[in-house]
Amino acid sequence: MSALDGVGLGDVRDYLGAAVTVTDGGLHLRSGTAAEVFRLLLNTGARDLGLVRAVEPHLDAVSIIQQARREGYPADVRSGCTWGVFAAEAPDGVLRASSDGRQWIVEGTKRWCSLASILDRALVTAVTESSERMLFEIDLHDGGVQVLDSAWPARGLTEIPSGPVCFDRVRASPIGVTGWYLNRAGFHWGGIAVAACWLGGAVGLARDLHAALSPSSREFQLIHLGAVDAALSAALATLFDAADRIDRGAAEGEEGRILAYRVRAVAASTAEEILRRVGHALGPEPLALDPNFAKRVADLTLYVRQHHAERDELSLGSALAMARETPW
């Protein structure tokens with residue numbers, strides 16, 4: 001059973017508890033450090049990947065809006081609202097934005113819109129008449145928003161439907177200017193936050209393995225446990241080194257982009273290795289008989305595929321090849 005079962009998304013902020021405070025200005029992280037945010041997502045993911053899959057974009061949206069406000073753009077967190085970020089682009093799902101000089105309108109289809117039928121508002125990327133991407137705030141209760149939840153047959157993250165949404169001339173409020181969303185400081189940090197969620201799922205599996213074994217366990221199982229510890233320890237060190245760089249202001253621009261590709265590659269490969277090793281160590285029994293374990297495996301298998309595998313590794317290698325200095 002998911003931690004979201006029987007819990008409305010409006011209650012997510014209550015789960016965040018000590019991490020978030022609600023004021024007239026909206027939701028705010030009490031700690032502004034990347035280390036605290038990543039630790040929150042890591043611990044939540046270790047508990048339940050469905051829950052963190054709802055929490056992460058909400059926090060991302062709040063962070064984006066707060067950054068826009070700091071830079072002088074009109075934006076409002078809107079206290080009491082739950083948020084999503086719909087920024088994936090697909091050739092068969094293009095959202096277009098147009099303006100008559102007074103009001104922006106978006107229309108078309110957007111894919112990968114997680115929890116659109118439950119959330120209040122979303123930050124959505126759309127292509128403008130100049131063929132450039134821009135970020136907009138959308139009221140998901142608008143009558144022109146049609147959520148196609150039925151197009152989500154996934155076996156993992158079943159409580160987080162992420163199907164397409166059709167927008168029929170829906171009013172939209174711009175956040176920043178054309179290109180601001182992609183070029184802002186912090187864009188790549190959001191990708192690292194997702195990697196923290198993947199590692200949270202890996203931590204949950206590692207805890208399952210540890211709980212199932214003892215000093216008298218079979219030798220091959222203890223070998224897998226040792227390998228899981230080594231891989232996970234290295235990945236966590238990489239994640240919190242990234243947090244330290246962000247908090248010191250050493251992850252801006254191209255440095256931030258390379259850092260995000262690196263952390264995501266490490267987190268994804270670690271999650272995949274832990275899925276494999278825990279499966280080899282424990283065999284089919286927990287997958288067949290333990291619903292929590294089976295859910296964690298299915299959730300993590302789907303979630304980590306947000307990493308684009310060799311395509312992202314190519315991007316990392318290309319960025320490193322263009323860098324004037326070696327990073328090691």
# chains A, B, ... in the order shown; residues from 1 in each chain; ligands from 1
call {"tool": "residues_around", "arguments": {"residues": "Pro174 in chain A", "least_positions_apart": "6", "cutoff": "7 Å", "atoms": "only C-alpha atoms", "output": "ChimeraX atom specification"}}
result
/A:135-137
call {"tool": "residues_around", "arguments": {"residues": "Ala61 in chain A", "least_positions_apart": "5", "cutoff": "9 Å", "atoms": "only C-alpha atoms", "output": "CSV table (one decimal) with N, CA and C atoms, in the first residue's frame"}}
result
chain,number,residue,atom,x,y,z
A,56,GLU,N,8.5,16.0,-4.9
A,56,GLU,CA,9.6,16.6,-5.6
A,56,GLU,C,9.2,17.7,-6.5
A,66,GLN,N,9.7,31.2,-6.4
A,66,GLN,CA,10.5,32.0,-5.5
A,66,GLN,C,11.7,32.7,-6.2
A,77,VAL,N,3.2,32.1,-5.2
A,77,VAL,CA,3.2,30.7,-4.7
A,77,VAL,C,1.7,30.2,-4.4
A,83,TRP,N,1.2,21.9,-6.4
A,83,TRP,CA,1.8,22.3,-7.6
A,83,TRP,C,2.4,21.1,-8.4
A,84,GLY,N,2.5,21.2,-9.7
A,84,GLY,CA,3.2,20.3,-10.5
A,84,GLY,C,4.1,21.1,-11.5
A,85,VAL,N,5.1,20.4,-12.1
A,85,VAL,CA,5.9,21.0,-13.1
A,85,VAL,C,5.8,20.1,-14.4
A,122,ALA,N,-0.1,24.3,-12.0
A,122,ALA,CA,1.2,23.7,-12.6
A,122,ALA,C,1.9,24.8,-13.3
A,123,LEU,N,3.3,24.6,-13.3
A,123,LEU,CA,4.1,25.3,-14.2
A,123,LEU,C,4.4,24.5,-15.5
call {"tool": "closest_atom_pairs", "arguments": {"of": "range 153-199 of chain A", "to": "range 282-304 of chain A", "cutoff": "9 Å", "atoms": "only C-alpha atoms", "output": "JSON lines"}}
result
{"residue": "A:Ala154", "atom": "CA", "partner": "A:Leu302", "partner_atom": "CA", "distance": 8.3}
{"residue": "A:Arg155", "atom": "CA", "partner": "A:Ala298", "partner_atom": "CA", "distance": 6.5}
{"residue": "A:Gly156", "atom": "CA", "partner": "A:Asp299", "partner_atom": "CA", "distance": 4.2}
{"residue": "A:Leu157", "atom": "CA", "partner": "A:Asp299", "partner_atom": "CA", "distance": 5.0}
{"residue": "A:Thr158", "atom": "CA", "partner": "A:Asp299", "partner_atom": "CA", "distance": 8.1}
{"residue": "A:Ala195", "atom": "CA", "partner": "A:Val304", "partner_atom": "CA", "distance": 8.2}
{"residue": "A:Cys197", "atom": "CA", "partner": "A:Tyr303", "partner_atom": "CA", "distance": 8.8}
{"residue": "A:Trp198", "atom": "CA", "partner": "A:Val304", "partner_atom": "CA", "distance": 6.1}
call {"tool": "closest_residue", "arguments": {"among": "A:Gly143, A:Glu159, A:Ile175, A:Arg248", "to": "Glu71 in chain A", "atoms": "only C-alpha atoms"}}
result
A:Ile175
call {"tool": "residues_around", "arguments": {"residues": "Gln221 in chain A", "least_positions_apart": "2", "cutoff": "9 Å", "atoms": "only C-alpha atoms", "output": "ChimeraX atom specification"}}
result
/A:209,213,217-219,223-226,277-278,280-282
call {"tool": "write_last_selection", "arguments": {"atoms": "N, CA, C and O atoms", "output": "PDB file, in the first residue's frame"}}
result
ATOM      1  N   LEU A 209      17.301  -5.393   1.947  1.00  0.00           N
ATOM      2  CA  LEU A 209      18.316  -6.455   1.875  1.00  0.00           C
ATOM      3  C   LEU A 209      18.980  -6.652   3.231  1.00  0.00           C
ATOM      4  O   LEU A 209      19.135  -7.789   3.709  1.00  0.00           O
ATOM      5  N   LEU A 213      19.013 -10.222   5.905  1.00  0.00           N
ATOM      6  CA  LEU A 213      20.231 -11.015   6.071  1.00  0.00           C
ATOM      7  C   LEU A 213      20.724 -10.995   7.516  1.00  0.00           C
ATOM      8  O   LEU A 213      20.297 -10.181   8.333  1.00  0.00           O
ATOM      9  N   SER A 217      23.900 -15.686   6.960  1.00  0.00           N
ATOM     10  CA  SER A 217      23.361 -15.786   5.608  1.00  0.00           C
ATOM     11  C   SER A 217      24.397 -16.410   4.675  1.00  0.00           C
ATOM     12  O   SER A 217      25.596 -16.447   4.971  1.00  0.00           O
ATOM     13  N   ARG A 218      23.922 -16.847   3.524  1.00  0.00           N
ATOM     14  CA  ARG A 218      24.809 -17.496   2.581  1.00  0.00           C
ATOM     15  C   ARG A 218      25.838 -16.506   2.042  1.00  0.00           C
ATOM     16  O   ARG A 218      25.590 -15.304   1.944  1.00  0.00           O
ATOM     17  N   GLU A 219      26.990 -17.033   1.702  1.00  0.00           N
ATOM     18  CA  GLU A 219      28.124 -16.186   1.336  1.00  0.00           C
ATOM     19  C   GLU A 219      27.800 -15.255   0.167  1.00  0.00           C
ATOM     20  O   GLU A 219      28.146 -14.070   0.182  1.00  0.00           O
ATOM     21  N   ILE A 223      28.091 -11.111  -0.054  1.00  0.00           N
ATOM     22  CA  ILE A 223      28.868 -10.428  -1.094  1.00  0.00           C
ATOM     23  C   ILE A 223      28.024  -9.318  -1.720  1.00  0.00           C
ATOM     24  O   ILE A 223      28.488  -8.185  -1.912  1.00  0.00           O
ATOM     25  N   HIS A 224      26.777  -9.635  -2.035  1.00  0.00           N
ATOM     26  CA  HIS A 224      25.891  -8.620  -2.618  1.00  0.00           C
ATOM     27  C   HIS A 224      25.661  -7.470  -1.631  1.00  0.00           C
ATOM     28  O   HIS A 224      25.629  -6.302  -2.035  1.00  0.00           O
ATOM     29  N   LEU A 225      25.494  -7.775  -0.348  1.00  0.00           N
ATOM     30  CA  LEU A 225      25.293  -6.730   0.648  1.00  0.00           C
ATOM     31  C   LEU A 225      26.493  -5.793   0.705  1.00  0.00           C
ATOM     32  O   LEU A 225      26.332  -4.564   0.756  1.00  0.00           O
ATOM     33  N   GLY A 226      27.687  -6.352   0.680  1.00  0.00           N
ATOM     34  CA  GLY A 226      28.886  -5.513   0.687  1.00  0.00           C
ATOM     35  C   GLY A 226      28.984  -4.638  -0.547  1.00  0.00           C
ATOM     36  O   GLY A 226      29.345  -3.452  -0.464  1.00  0.00           O
ATOM     37  N   ARG A 277      21.460  -6.384  -7.776  1.00  0.00           N
ATOM     38  CA  ARG A 277      22.106  -7.142  -6.703  1.00  0.00           C
ATOM     39  C   ARG A 277      21.103  -7.598  -5.641  1.00  0.00           C
ATOM     40  O   ARG A 277      21.195  -8.724  -5.138  1.00  0.00           O
ATOM     41  N   VAL A 278      20.158  -6.740  -5.290  1.00  0.00           N
ATOM     42  CA  VAL A 278      19.153  -7.145  -4.308  1.00  0.00           C
ATOM     43  C   VAL A 278      18.302  -8.276  -4.881  1.00  0.00           C
ATOM     44  O   VAL A 278      17.970  -9.245  -4.177  1.00  0.00           O
ATOM     45  N   HIS A 280      19.311 -10.514  -7.088  1.00  0.00           N
ATOM     46  CA  HIS A 280      20.138 -11.722  -7.085  1.00  0.00           C
ATOM     47  C   HIS A 280      20.269 -12.292  -5.678  1.00  0.00           C
ATOM     48  O   HIS A 280      20.285 -13.516  -5.486  1.00  0.00           O
ATOM     49  N   ALA A 281      20.360 -11.411  -4.691  1.00  0.00           N
ATOM     50  CA  ALA A 281      20.563 -11.878  -3.319  1.00  0.00           C
ATOM     51  C   ALA A 281      19.315 -12.502  -2.719  1.00  0.00           C
ATOM     52  O   ALA A 281      19.400 -13.491  -1.980  1.00  0.00           O
ATOM     53  N   LEU A 282      18.145 -11.960  -3.041  1.00  0.00           N
ATOM     54  CA  LEU A 282      16.919 -12.399  -2.376  1.00  0.00           C
ATOM     55  C   LEU A 282      16.042 -13.301  -3.238  1.00  0.00           C
ATOM     56  O   LEU A 282      15.120 -13.939  -2.716  1.00  0.00           O
TER      57      LEU A 282
END
call {"tool": "select_by_dssp", "arguments": {"residues": "range 121-228 of chain A", "states": "alpha helix (DSSP H)", "output": "PyMOL selection string"}}
result
chain A and resi 180-183+187-212+219-228
call {"tool": "atom_distance", "arguments": {"atom1": "CA of Gly144 in chain A", "atom2": "CA of Asp92 in chain A"}}
result
19.7 Å
call {"tool": "residues_around", "arguments": {"residues": "Ser162 in chain A", "least_positions_apart": "2", "cutoff": "6 Å", "atoms": "only C-alpha atoms", "output": "list in words"}}
result
Trp112, Cys113 and Ser114 of chain A
call {"tool": "closest_atom_pairs", "arguments": {"of": "range 141-260 of chain A", "to": "range 306-316 of chain A", "cutoff": "10 Å", "atoms": "only C-alpha atoms", "output": "JSON lines"}}
result
{"residue": "A:Gly191", "atom": "CA", "partner": "A:His307", "partner_atom": "CA", "distance": 9.4}
{"residue": "A:Val194", "atom": "CA", "partner": "A:Gln306", "partner_atom": "CA", "distance": 8.9}
{"residue": "A:Ala195", "atom": "CA", "partner": "A:His307", "partner_atom": "CA", "distance": 8.7}
{"residue": "A:Trp198", "atom": "CA", "partner": "A:Gln306", "partner_atom": "CA", "distance": 9.6}
{"residue": "A:Arg257", "atom": "CA", "partner": "A:Leu316", "partner_atom": "CA", "distance": 8.6}
{"residue": "A:Ile258", "atom": "CA", "partner": "A:Leu316", "partner_atom": "CA", "distance": 6.2}
{"residue": "A:Leu259", "atom": "CA", "partner": "A:Leu316", "partner_atom": "CA", "distance": 8.8}
{"residue": "A:Ala260", "atom": "CA", "partner": "A:Leu316", "partner_atom": "CA", "distance": 9.0}
call {"tool": "closest_residue", "arguments": {"among": "A:Leu199, A:Ala46, A:Leu95, A:Ala206", "to": "Gly279 in chain A", "atoms": "only C-alpha atoms"}}
result
A:Ala206
